[in-house]
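*Asks:* What follows is start19.cif, mmCIF, C-alpha atoms.
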data_target
#
loop_
_atom_site.label_atom_id
_atom_site.label_comp_id
_atom_site.auth_asym_id
_atom_site.auth_seq_id
_atom_site.Cartn_x
_atom_site.Cartn_y
_atom_site.Cartn_z
CA MET A 1 109.02 105.86 112.74
CA THR A 2 107.99 105.72 109.07
CA PHE A 3 104.60 104.39 108.10
CA CYS A 4 104.39 101.24 106.01
CA PRO A 5 101.01 99.81 104.96
CA THR A 6 100.25 96.12 105.17
CA ARG A 7 100.33 93.98 102.04
CA SER A 8 96.57 93.67 101.60
CA ALA A 9 93.26 94.65 103.10
CA GLN A 10 89.98 92.82 102.58
CA ILE A 11 86.90 94.80 101.66
CA ASP A 12 83.64 92.86 101.84
CA LEU A 13 81.42 93.08 98.78
CA ASP A 14 78.22 94.23 100.44
CA ASP A 15 75.06 95.23 98.57
CA ASN A 16 76.41 98.71 97.81
CA ALA A 17 79.65 97.25 96.47
CA LEU A 18 77.79 94.72 94.35
CA LEU A 19 75.83 97.58 92.80
CA ARG A 20 78.85 99.87 92.42
CA TYR A 21 80.94 97.22 90.64
CA SER A 22 78.06 95.50 88.84
CA ARG A 23 79.40 96.35 85.37
CA HIS A 24 82.61 94.54 86.24
CA ILE A 25 80.77 91.62 87.79
CA LEU A 26 78.65 91.22 84.65
CA LEU A 27 81.80 90.41 82.68
CA ASP A 28 82.33 86.64 82.63
CA GLU A 29 86.11 87.13 82.78
CA ILE A 30 85.79 89.08 86.06
CA GLY A 31 82.64 88.14 87.96
CA ILE A 32 82.45 88.06 91.75
CA GLU A 33 85.80 86.28 92.00
CA GLY A 34 87.68 88.91 90.06
CA GLN A 35 86.08 91.83 91.85
CA THR A 36 86.80 90.20 95.19
CA ALA A 37 90.46 89.85 94.16
CA LEU A 38 90.56 93.60 93.46
CA SER A 39 88.93 94.38 96.81
CA GLN A 40 91.66 92.39 98.58
CA ALA A 41 94.54 93.89 96.60
CA HIS A 42 97.10 96.49 97.61
CA VAL A 43 98.52 98.66 94.82
CA LEU A 44 101.50 100.98 95.22
CA VAL A 45 101.55 103.96 92.84
CA ILE A 46 104.78 105.96 92.60
CA GLY A 47 103.95 109.45 91.37
CA ALA A 48 100.68 111.40 91.38
CA GLY A 49 101.25 113.56 88.33
CA GLY A 50 100.28 113.15 84.69
CA LEU A 51 100.32 109.35 84.61
CA GLY A 52 99.45 108.91 88.27
CA SER A 53 96.23 110.89 87.84
CA PRO A 54 94.39 108.49 85.47
CA VAL A 55 96.04 105.47 87.10
CA THR A 56 94.78 106.31 90.59
CA LEU A 57 91.35 107.44 89.37
CA TYR A 58 90.73 104.16 87.55
CA LEU A 59 92.19 101.95 90.28
CA ALA A 60 90.08 103.69 92.93
CA SER A 61 86.91 103.51 90.83
CA ALA A 62 87.60 99.82 90.09
CA GLY A 63 87.57 99.03 93.82
CA ILE A 64 91.19 98.32 94.73
CA GLY A 65 91.10 97.54 98.46
CA THR A 66 94.20 99.53 99.44
CA LEU A 67 95.84 102.18 97.29
CA THR A 68 99.14 103.72 98.43
CA ILE A 69 100.32 106.86 96.62
CA VAL A 70 103.87 108.18 97.03
CA ASP A 71 104.86 111.67 95.84
CA ASP A 72 106.76 114.50 97.51
CA ASP A 73 106.08 117.05 94.76
CA HIS A 74 103.67 119.97 95.05
CA ILE A 75 101.00 121.11 92.59
CA ASP A 76 101.94 123.88 90.17
CA LEU A 77 99.45 125.72 87.99
CA SER A 78 101.15 124.30 84.89
CA ASN A 79 100.36 120.76 86.12
CA LEU A 80 96.61 121.26 85.72
CA GLN A 81 96.88 121.02 81.92
CA ARG A 82 97.11 117.23 82.28
CA GLN A 83 97.13 116.14 85.95
CA ILE A 84 93.39 115.66 86.26
CA VAL A 85 93.32 114.33 89.82
CA HIS A 86 94.17 117.84 91.10
CA THR A 87 92.18 121.11 91.17
CA GLU A 88 92.89 124.84 91.04
CA ASP A 89 92.22 125.39 94.72
CA ARG A 90 94.97 122.90 95.64
CA VAL A 91 97.85 124.61 93.85
CA GLY A 92 100.81 124.51 96.23
CA GLN A 93 99.56 121.42 98.06
CA ASN A 94 101.28 118.03 98.06
CA LYS A 95 100.23 115.86 95.12
CA ALA A 96 99.78 112.62 97.08
CA LEU A 97 97.53 114.33 99.63
CA SER A 98 95.57 116.09 96.89
CA ALA A 99 95.04 112.80 95.05
CA LYS A 100 93.83 111.18 98.26
CA GLN A 101 91.23 113.92 98.68
CA THR A 102 89.91 113.44 95.15
CA LEU A 103 89.87 109.64 95.36
CA GLU A 104 88.11 109.54 98.72
CA ALA A 105 85.34 111.66 97.20
CA LEU A 106 85.17 109.21 94.29
CA ASN A 107 85.13 106.00 96.36
CA SER A 108 84.70 106.01 100.13
CA GLN A 109 84.71 102.19 100.29
CA ILE A 110 88.45 101.76 99.76
CA ARG A 111 91.53 102.57 101.83
CA ILE A 112 93.79 105.30 100.41
CA ILE A 113 97.21 106.01 101.90
CA ALA A 114 99.04 109.18 100.81
CA LEU A 115 102.76 109.44 101.55
CA ASN A 116 104.38 112.85 101.14
CA GLU A 117 107.92 111.59 100.75
CA ARG A 118 110.69 110.75 98.30
CA ALA A 119 111.42 107.14 99.09
CA SER A 120 115.04 106.05 99.43
CA SER A 121 116.18 102.66 98.14
CA GLU A 122 115.61 101.02 101.53
CA ARG A 123 112.23 102.69 101.92
CA LEU A 124 111.23 101.59 98.43
CA LEU A 125 112.03 97.99 99.33
CA GLU A 126 109.77 98.30 102.37
CA LEU A 127 106.88 99.85 100.44
CA VAL A 128 107.15 97.52 97.44
CA ALA A 129 107.27 94.40 99.64
CA ALA A 130 103.98 95.48 101.23
CA ALA A 131 102.17 95.74 97.87
CA ASP A 132 100.70 93.18 95.49
CA ILE A 133 101.71 95.22 92.43
CA VAL A 134 103.53 98.49 91.71
CA VAL A 135 102.57 101.07 89.08
CA ASP A 136 105.48 103.31 88.08
CA CYS A 137 104.21 106.80 87.25
CA CYS A 138 107.39 108.72 87.99
CA ASP A 139 109.12 111.05 85.55
CA ASN A 140 112.82 110.29 85.90
CA PHE A 141 115.15 107.50 84.85
CA ALA A 142 116.95 107.02 88.18
CA THR A 143 113.73 106.46 90.13
CA ARG A 144 112.50 103.94 87.57
CA HIS A 145 115.64 101.88 88.06
CA ALA A 146 115.33 102.09 91.86
CA ILE A 147 111.70 100.90 91.64
CA ASN A 148 112.76 98.08 89.32
CA ARG A 149 115.45 96.86 91.71
CA ALA A 150 112.96 96.83 94.59
CA CYS A 151 110.37 94.92 92.53
CA VAL A 152 112.90 92.31 91.42
CA ALA A 153 114.19 91.85 94.97
CA SER A 154 110.68 91.33 96.37
CA LYS A 155 109.29 89.56 93.27
CA THR A 156 106.50 92.14 92.96
CA PRO A 157 104.92 92.76 89.53
CA LEU A 158 105.60 96.19 88.01
CA VAL A 159 103.61 98.17 85.45
CA SER A 160 105.79 100.77 83.77
CA GLY A 161 104.67 103.70 81.64
CA ALA A 162 106.16 106.91 80.26
CA ALA A 163 104.87 109.86 78.24
CA VAL A 164 106.66 112.88 76.79
CA ARG A 165 105.91 115.19 73.87
CA PHE A 166 103.54 113.05 71.71
CA ASP A 167 105.15 109.68 72.48
CA GLY A 168 104.14 107.13 75.09
CA GLN A 169 105.31 103.67 76.09
CA LEU A 170 103.95 100.88 78.26
CA THR A 171 105.08 97.45 79.47
CA VAL A 172 104.84 95.02 82.40
CA PHE A 173 107.53 93.22 84.39
CA ASP A 174 106.95 90.23 86.66
CA ALA A 175 109.88 88.81 88.60
CA ARG A 176 107.71 85.94 89.85
CA ILE A 177 108.14 84.34 86.42
CA ASP A 178 111.43 82.54 85.91
CA GLY A 179 113.43 84.11 83.08
CA ALA A 180 111.17 87.16 82.77
CA PRO A 181 112.98 90.41 81.85
CA CYS A 182 113.15 93.49 84.06
CA TYR A 183 113.35 97.21 83.36
CA HIS A 184 117.16 97.08 83.35
CA CYS A 185 117.07 94.47 80.56
CA LEU A 186 115.18 96.97 78.45
CA PHE A 187 116.96 100.19 79.46
CA GLY A 188 120.38 99.73 81.01
CA GLU A 189 121.45 102.40 83.48
CA GLU A 190 124.73 102.92 81.62
CA GLY A 191 123.05 103.22 78.22
CA GLU A 192 121.97 106.21 76.21
CA ALA A 193 118.28 105.93 77.07
CA ASN A 194 117.16 109.07 78.84
CA ASP A 195 114.11 111.10 79.60
CA GLY A 196 113.25 114.39 81.19
CA PRO A 197 110.44 116.28 82.89
CA CYS A 198 107.52 117.70 80.95
CA ALA A 199 108.75 121.18 81.93
CA THR A 200 111.71 120.60 79.61
CA PHE A 201 110.13 118.82 76.66
CA GLY A 202 106.39 119.45 76.94
CA VAL A 203 103.64 116.84 76.73
CA PHE A 204 100.36 116.46 74.84
CA ALA A 205 97.72 116.47 77.59
CA PRO A 206 95.56 113.49 76.49
CA LEU A 207 98.68 111.33 76.00
CA VAL A 208 99.15 110.83 79.75
CA GLY A 209 95.49 109.84 79.98
CA ILE A 210 95.91 107.19 77.27
CA ILE A 211 99.06 105.68 78.77
CA GLY A 212 97.84 106.03 82.37
CA ALA A 213 94.52 104.33 81.62
CA ALA A 214 96.41 101.49 79.91
CA GLN A 215 98.68 101.16 82.97
CA ALA A 216 95.63 100.84 85.21
CA ALA A 217 94.16 98.20 82.89
CA GLU A 218 97.37 96.15 82.99
CA ALA A 219 97.51 96.35 86.78
CA LEU A 220 93.92 95.14 87.10
CA LYS A 221 94.59 92.28 84.67
CA VAL A 222 97.65 91.12 86.62
CA LEU A 223 95.74 91.22 89.92
CA MET A 224 92.86 89.18 88.51
CA GLY A 225 94.97 86.85 86.35
CA LEU A 226 93.00 88.09 83.37
CA GLY A 227 93.94 87.86 79.70
CA GLU A 228 97.45 88.40 78.35
CA THR A 229 99.64 91.04 79.97
CA LEU A 230 102.49 93.02 78.42
CA ILE A 231 105.34 90.96 79.91
CA GLY A 232 108.15 90.98 77.34
CA ARG A 233 106.19 93.34 75.09
CA LEU A 234 106.85 97.08 74.83
CA GLN A 235 103.92 99.09 73.50
CA LEU A 236 104.82 102.37 71.79
CA TYR A 237 102.16 104.99 71.01
CA ASP A 238 102.48 108.01 68.70
CA ALA A 239 99.66 110.46 69.41
CA ARG A 240 100.42 112.39 66.20
CA THR A 241 99.38 109.45 64.04
CA ALA A 242 97.25 107.58 66.62
CA ARG A 243 99.28 104.44 65.89
CA TRP A 244 100.54 101.75 68.26
CA ARG A 245 103.67 99.68 67.66
CA GLU A 246 104.83 96.67 69.63
CA MET A 247 108.39 95.47 70.20
CA LYS A 248 109.28 92.22 71.92
CA TYR A 249 112.22 91.92 74.30
CA LYS A 250 113.82 89.19 76.41
CA GLN A 251 115.78 88.91 79.63
CA ASP A 252 119.38 90.07 79.34
CA PRO A 253 121.36 86.94 80.32
CA ILE A 254 123.90 89.10 82.17
CA CYS A 255 121.50 91.67 83.62
CA PRO A 256 122.99 92.79 86.96
CA VAL A 257 119.49 93.12 88.45
CA CYS A 258 117.31 90.17 87.47
CA ALA A 259 119.92 87.67 86.26
CA VAL A 260 122.41 88.16 89.07
CA LEU A 261 121.25 85.12 91.07
CA LYS A 262 121.45 82.96 87.99
CA HIS A 263 125.03 84.05 87.42
CA GLU A 264 125.96 83.29 90.98
CA ARG A 265 125.06 79.68 90.27
CA GLN A 266 127.07 79.42 87.06
CA ALA A 267 130.21 81.07 85.81
CA THR A 268 129.83 83.60 83.04
CA PRO A 269 131.95 82.81 79.94
CA PRO A 270 134.46 85.58 79.17
CA PHE A 271 132.91 86.37 75.80
CA LEU A 272 129.71 87.38 77.61
CA ALA A 273 131.49 89.97 79.75
CA ARG A 274 130.38 92.72 77.37
CA ARG A 275 126.77 93.76 78.03
CA CYS A 276 124.22 92.95 75.38
CA ARG A 277 122.83 96.14 73.94
CA PHE A 278 119.21 97.15 73.83
CA SER A 279 118.98 96.54 70.09
CA GLN A 280 119.96 92.89 70.51
CA HIS A 281 116.89 92.20 72.67
CA LEU A 282 114.24 93.99 70.67
CA GLN A 283 112.53 92.71 67.57
CA ASN A 284 109.61 94.14 65.66
CA ASP A 285 106.37 92.21 65.98
CA HIS A 286 104.89 92.16 62.49
#
As structure tokens, please, write out the structure in this file.

*Replies:*
Amino acid sequence: MTFCPTRSAQIDLDDNALLRYSRHILLDEIGIEGQTALSQAHVLVIGAGGLGSPVTLYLASAGIGTLTIVDDDHIDLSNLQRQIVHTEDRVGQNKALSAKQTLEALNSQIRIIALNERASSERLLELVAAADIVVDCCDNFATRHAINRACVASKTPLVSGAAVRFDGQLTVFDARIDGAPCYHCLFGEEGEANDGPCATFGVFAPLVGIIGAAQAAEALKVLMGLGETLIGRLQLYDARTARWREMKYKQDPICPVCAVLKHERQATPPFLARRCRFSQHLQNDH
């Protein structure tokens, strides 16, 4: 029998918690209500590597009630250049279990679940449906699409990030919103978009910290209903110039993932049979 966590767990804000999270509570936009929402939330993080390290550290320190981490990879010495949730003495250990050890030392008030597994499509559906939000910290294109399909099917918000060489990107998807785009709208599986592991291309160590911290911030904002999230907005960061760019994108009207139900209700005109390309959905935000 495989383990599947429940959707949420409630952590009471006792005196210690009120002190621990006081700098959050002092913010008018968060307050007791926002911090309570975090304490009742369940976040699923896929990947405990370069991006997963800052993501899990900030989510745990912020007081997320239940944090589930999925990763079947093991720590290599070369990972320690950027994967700050791990330590030298854990080389060879599973990354999810190592992250759990670090996070429990950081915050003993929250529930941390480490899963040493590579989730299949069916397993992903089970795990995603049990979470309030998913943070994608994986390092391969196929897994990102599998996560996206599970999030669309269960209408679970998804925070997506990527970092390679000196370039990072960040966006948010939320299938609860009618007409909102999904990952497939942005990067079709049959397109030319591709990525690869850091072992192939290399990565600037602080870059994963910048993108990972931003992913954690977006997840917290979605959970608290705070501010404006990156739905329909792709943030691109170049660490060489320290410049951010933003590109806007929309739902692909014939996306086979998020628009499929819409197309079951209405026939698709023949001239739309050809997929819209990525360039048709992006526009520079000046």

*Asks:* Quick check on the file I pasted: which residues fall under the PyMOL selection byres ((chain A and resi 106-117) around 8)? Write them as a tab-separated table (two decimals) with C-alpha atoms, in the frame of the given file.

*Replies:*
chain	number	residue	atom	x	y	z
A	5	PRO	CA	101.01	99.81	104.96
A	11	ILE	CA	86.90	94.80	101.66
A	39	SER	CA	88.93	94.38	96.81
A	60	ALA	CA	90.08	103.69	92.93
A	61	SER	CA	86.91	103.51	90.83
A	63	GLY	CA	87.57	99.03	93.82
A	64	ILE	CA	91.19	98.32	94.73
A	65	GLY	CA	91.10	97.54	98.46
A	66	THR	CA	94.20	99.53	99.44
A	67	LEU	CA	95.84	102.18	97.29
A	68	THR	CA	99.14	103.72	98.43
A	69	ILE	CA	100.32	106.86	96.62
A	70	VAL	CA	103.87	108.18	97.03
A	71	ASP	CA	104.86	111.67	95.84
A	72	ASP	CA	106.76	114.50	97.51
A	73	ASP	CA	106.08	117.05	94.76
A	94	ASN	CA	101.28	118.03	98.06
A	95	LYS	CA	100.23	115.86	95.12
A	96	ALA	CA	99.78	112.62	97.08
A	97	LEU	CA	97.53	114.33	99.63
A	99	ALA	CA	95.04	112.80	95.05
A	100	LYS	CA	93.83	111.18	98.26
A	102	THR	CA	89.91	113.44	95.15
A	103	LEU	CA	89.87	109.64	95.36
A	104	GLU	CA	88.11	109.54	98.72
A	105	ALA	CA	85.34	111.66	97.20
A	118	ARG	CA	110.69	110.75	98.30
A	119	ALA	CA	111.42	107.14	99.09

*Asks:* CA of Ile75 (chain A) to CA of Leu170 (chain A): how many Å, to one decimal?

*Replies:*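 Pair CA of Ile75 (chain A) / CA of Leu170 (chain A) returns 25.0 Å.
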
*Asks:* Choose the residue, out of A:Gly31, A:Pro157, A:Gly209, A:Gly232, that has the smallest atom-to-atom separation from Ser53 (chain A); count all atoms listed in the file.

*Replies:*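 Closest to Ser53 (chain A) of all the choices is A:Gly209.
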
*Asks:* Taking the file as shown, what set of residues would the PyMOL selection byres ((chain A and resi 13) around 12) give back, as a compact mmCIF listing (two decimals) with C-alpha atoms, keeping the file's coordinate frame?

*Replies:*
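Final output, saved to expr.txt:
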# COMPACT_ATOMS: atom_id res chain seq x y z
CA GLN A 10 89.98 92.82 102.58
CA ILE A 11 86.90 94.80 101.66
CA ASP A 12 83.64 92.86 101.84
CA ASP A 14 78.22 94.23 100.44
CA ASP A 15 75.06 95.23 98.57
CA ASN A 16 76.41 98.71 97.81
CA ALA A 17 79.65 97.25 96.47
CA LEU A 18 77.79 94.72 94.35
CA LEU A 19 75.83 97.58 92.80
CA ARG A 20 78.85 99.87 92.42
CA TYR A 21 80.94 97.22 90.64
CA SER A 22 78.06 95.50 88.84
CA ILE A 25 80.77 91.62 87.79
CA GLY A 31 82.64 88.14 87.96
CA ILE A 32 82.45 88.06 91.75
CA GLU A 33 85.80 86.28 92.00
CA GLY A 34 87.68 88.91 90.06
CA GLN A 35 86.08 91.83 91.85
CA THR A 36 86.80 90.20 95.19
CA ALA A 37 90.46 89.85 94.16
CA LEU A 38 90.56 93.60 93.46
CA SER A 39 88.93 94.38 96.81
CA GLN A 40 91.66 92.39 98.58
CA GLY A 63 87.57 99.03 93.82
CA ILE A 64 91.19 98.32 94.73
CA GLY A 65 91.10 97.54 98.46
CA GLN A 109 84.71 102.19 100.29
CA ILE A 110 88.45 101.76 99.76

*Asks:* Suppose you want the space between CA of Glu189 (chain A) and CA of Cys138 (chain A); what is it in Å?

*Replies:*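 So the two atoms, CA of Glu189 (chain A) and CA of Cys138 (chain A), lie 16.1 Å apart.
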
*Asks:* To one decimal place, how far is CA of Arg82 (chain A) from CA of Glu218 (chain A) in Å?

*Replies:* 21.1 Å

*Asks:* Excluding Val152 (chain A) and residues on its chain fewer than 5 positions from it, collect all residues at most 8 Å away from it, counting all atoms listed in the file, and give them as number ranges by chain.

*Replies:* A: 174-175, 182, 257-258

*Asks:* I'd like to know which of A:Arg240, A:Arg123, A:His184, A:Lys221 is closest to Asp252 (chain A), using all atoms listed in the file.

*Replies:*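 Checking each candidate against Asp252 (chain A), we get A:His184 as the closest.
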
*Asks:* Extract region 18-31 of chain A from the preceding block and save N, CA, C and O atoms as a PDB file, in the first residue's frame.

*Replies:*
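Done, and the output landed in result19.pdb:
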ATOM      1  N   LEU A  18       2.802  32.134  17.577  1.00  0.00           N
ATOM      2  CA  LEU A  18       2.567  33.576  17.424  1.00  0.00           C
ATOM      3  C   LEU A  18       3.874  34.350  17.471  1.00  0.00           C
ATOM      4  O   LEU A  18       4.050  35.346  16.758  1.00  0.00           O
ATOM      5  N   LEU A  19       4.804  33.896  18.305  1.00  0.00           N
ATOM      6  CA  LEU A  19       6.116  34.538  18.377  1.00  0.00           C
ATOM      7  C   LEU A  19       6.945  34.201  17.136  1.00  0.00           C
ATOM      8  O   LEU A  19       7.545  35.086  16.519  1.00  0.00           O
ATOM      9  N   ARG A  20       6.966  32.925  16.766  1.00  0.00           N
ATOM     10  CA  ARG A  20       7.758  32.485  15.613  1.00  0.00           C
ATOM     11  C   ARG A  20       7.357  33.232  14.339  1.00  0.00           C
ATOM     12  O   ARG A  20       8.213  33.659  13.550  1.00  0.00           O
ATOM     13  N   TYR A  21       6.053  33.386  14.115  1.00  0.00           N
ATOM     14  CA  TYR A  21       5.570  33.982  12.866  1.00  0.00           C
ATOM     15  C   TYR A  21       5.155  35.442  13.039  1.00  0.00           C
ATOM     16  O   TYR A  21       4.416  35.985  12.215  1.00  0.00           O
ATOM     17  N   SER A  22       5.651  36.082  14.092  1.00  0.00           N
ATOM     18  CA  SER A  22       5.218  37.445  14.412  1.00  0.00           C
ATOM     19  C   SER A  22       5.538  38.445  13.298  1.00  0.00           C
ATOM     20  O   SER A  22       4.779  39.395  13.082  1.00  0.00           O
ATOM     21  N   ARG A  23       6.640  38.240  12.575  1.00  0.00           N
ATOM     22  CA  ARG A  23       6.987  39.184  11.512  1.00  0.00           C
ATOM     23  C   ARG A  23       6.043  39.050  10.320  1.00  0.00           C
ATOM     24  O   ARG A  23       5.866  40.007   9.566  1.00  0.00           O
ATOM     25  N   HIS A  24       5.464  37.901  10.136  1.00  0.00           N
ATOM     26  CA  HIS A  24       4.390  37.743   9.154  1.00  0.00           C
ATOM     27  C   HIS A  24       3.124  38.406   9.668  1.00  0.00           C
ATOM     28  O   HIS A  24       2.454  39.156   8.945  1.00  0.00           O
ATOM     29  N   ILE A  25       2.784  38.117  10.894  1.00  0.00           N
ATOM     30  CA  ILE A  25       1.525  38.590  11.475  1.00  0.00           C
ATOM     31  C   ILE A  25       1.485  40.119  11.544  1.00  0.00           C
ATOM     32  O   ILE A  25       0.412  40.729  11.430  1.00  0.00           O
ATOM     33  N   LEU A  26       2.642  40.741  11.672  1.00  0.00           N
ATOM     34  CA  LEU A  26       2.706  42.199  11.708  1.00  0.00           C
ATOM     35  C   LEU A  26       2.334  42.839  10.371  1.00  0.00           C
ATOM     36  O   LEU A  26       1.973  44.019  10.326  1.00  0.00           O
ATOM     37  N   LEU A  27       2.428  42.073   9.292  1.00  0.00           N
ATOM     38  CA  LEU A  27       2.069  42.599   7.981  1.00  0.00           C
ATOM     39  C   LEU A  27       0.550  42.630   7.844  1.00  0.00           C
ATOM     40  O   LEU A  27      -0.122  41.603   7.999  1.00  0.00           O
ATOM     41  N   ASP A  28      -0.001  43.800   7.542  1.00  0.00           N
ATOM     42  CA  ASP A  28      -1.453  43.937   7.440  1.00  0.00           C
ATOM     43  C   ASP A  28      -2.043  42.985   6.404  1.00  0.00           C
ATOM     44  O   ASP A  28      -3.166  42.499   6.564  1.00  0.00           O
ATOM     45  N   GLU A  29      -1.285  42.720   5.328  1.00  0.00           N
ATOM     46  CA  GLU A  29      -1.794  41.856   4.265  1.00  0.00           C
ATOM     47  C   GLU A  29      -1.853  40.381   4.673  1.00  0.00           C
ATOM     48  O   GLU A  29      -2.496  39.574   4.000  1.00  0.00           O
ATOM     49  N   ILE A  30      -1.168  40.031   5.768  1.00  0.00           N
ATOM     50  CA  ILE A  30      -1.144  38.637   6.233  1.00  0.00           C
ATOM     51  C   ILE A  30      -1.914  38.496   7.536  1.00  0.00           C
ATOM     52  O   ILE A  30      -2.982  37.901   7.577  1.00  0.00           O
ATOM     53  N   GLY A  31      -1.382  39.061   8.613  1.00  0.00           N
ATOM     54  CA  GLY A  31      -2.073  39.010   9.897  1.00  0.00           C
ATOM     55  C   GLY A  31      -2.307  37.591  10.400  1.00  0.00           C
ATOM     56  O   GLY A  31      -1.759  36.617   9.877  1.00  0.00           O
TER      57      GLY A  31
END
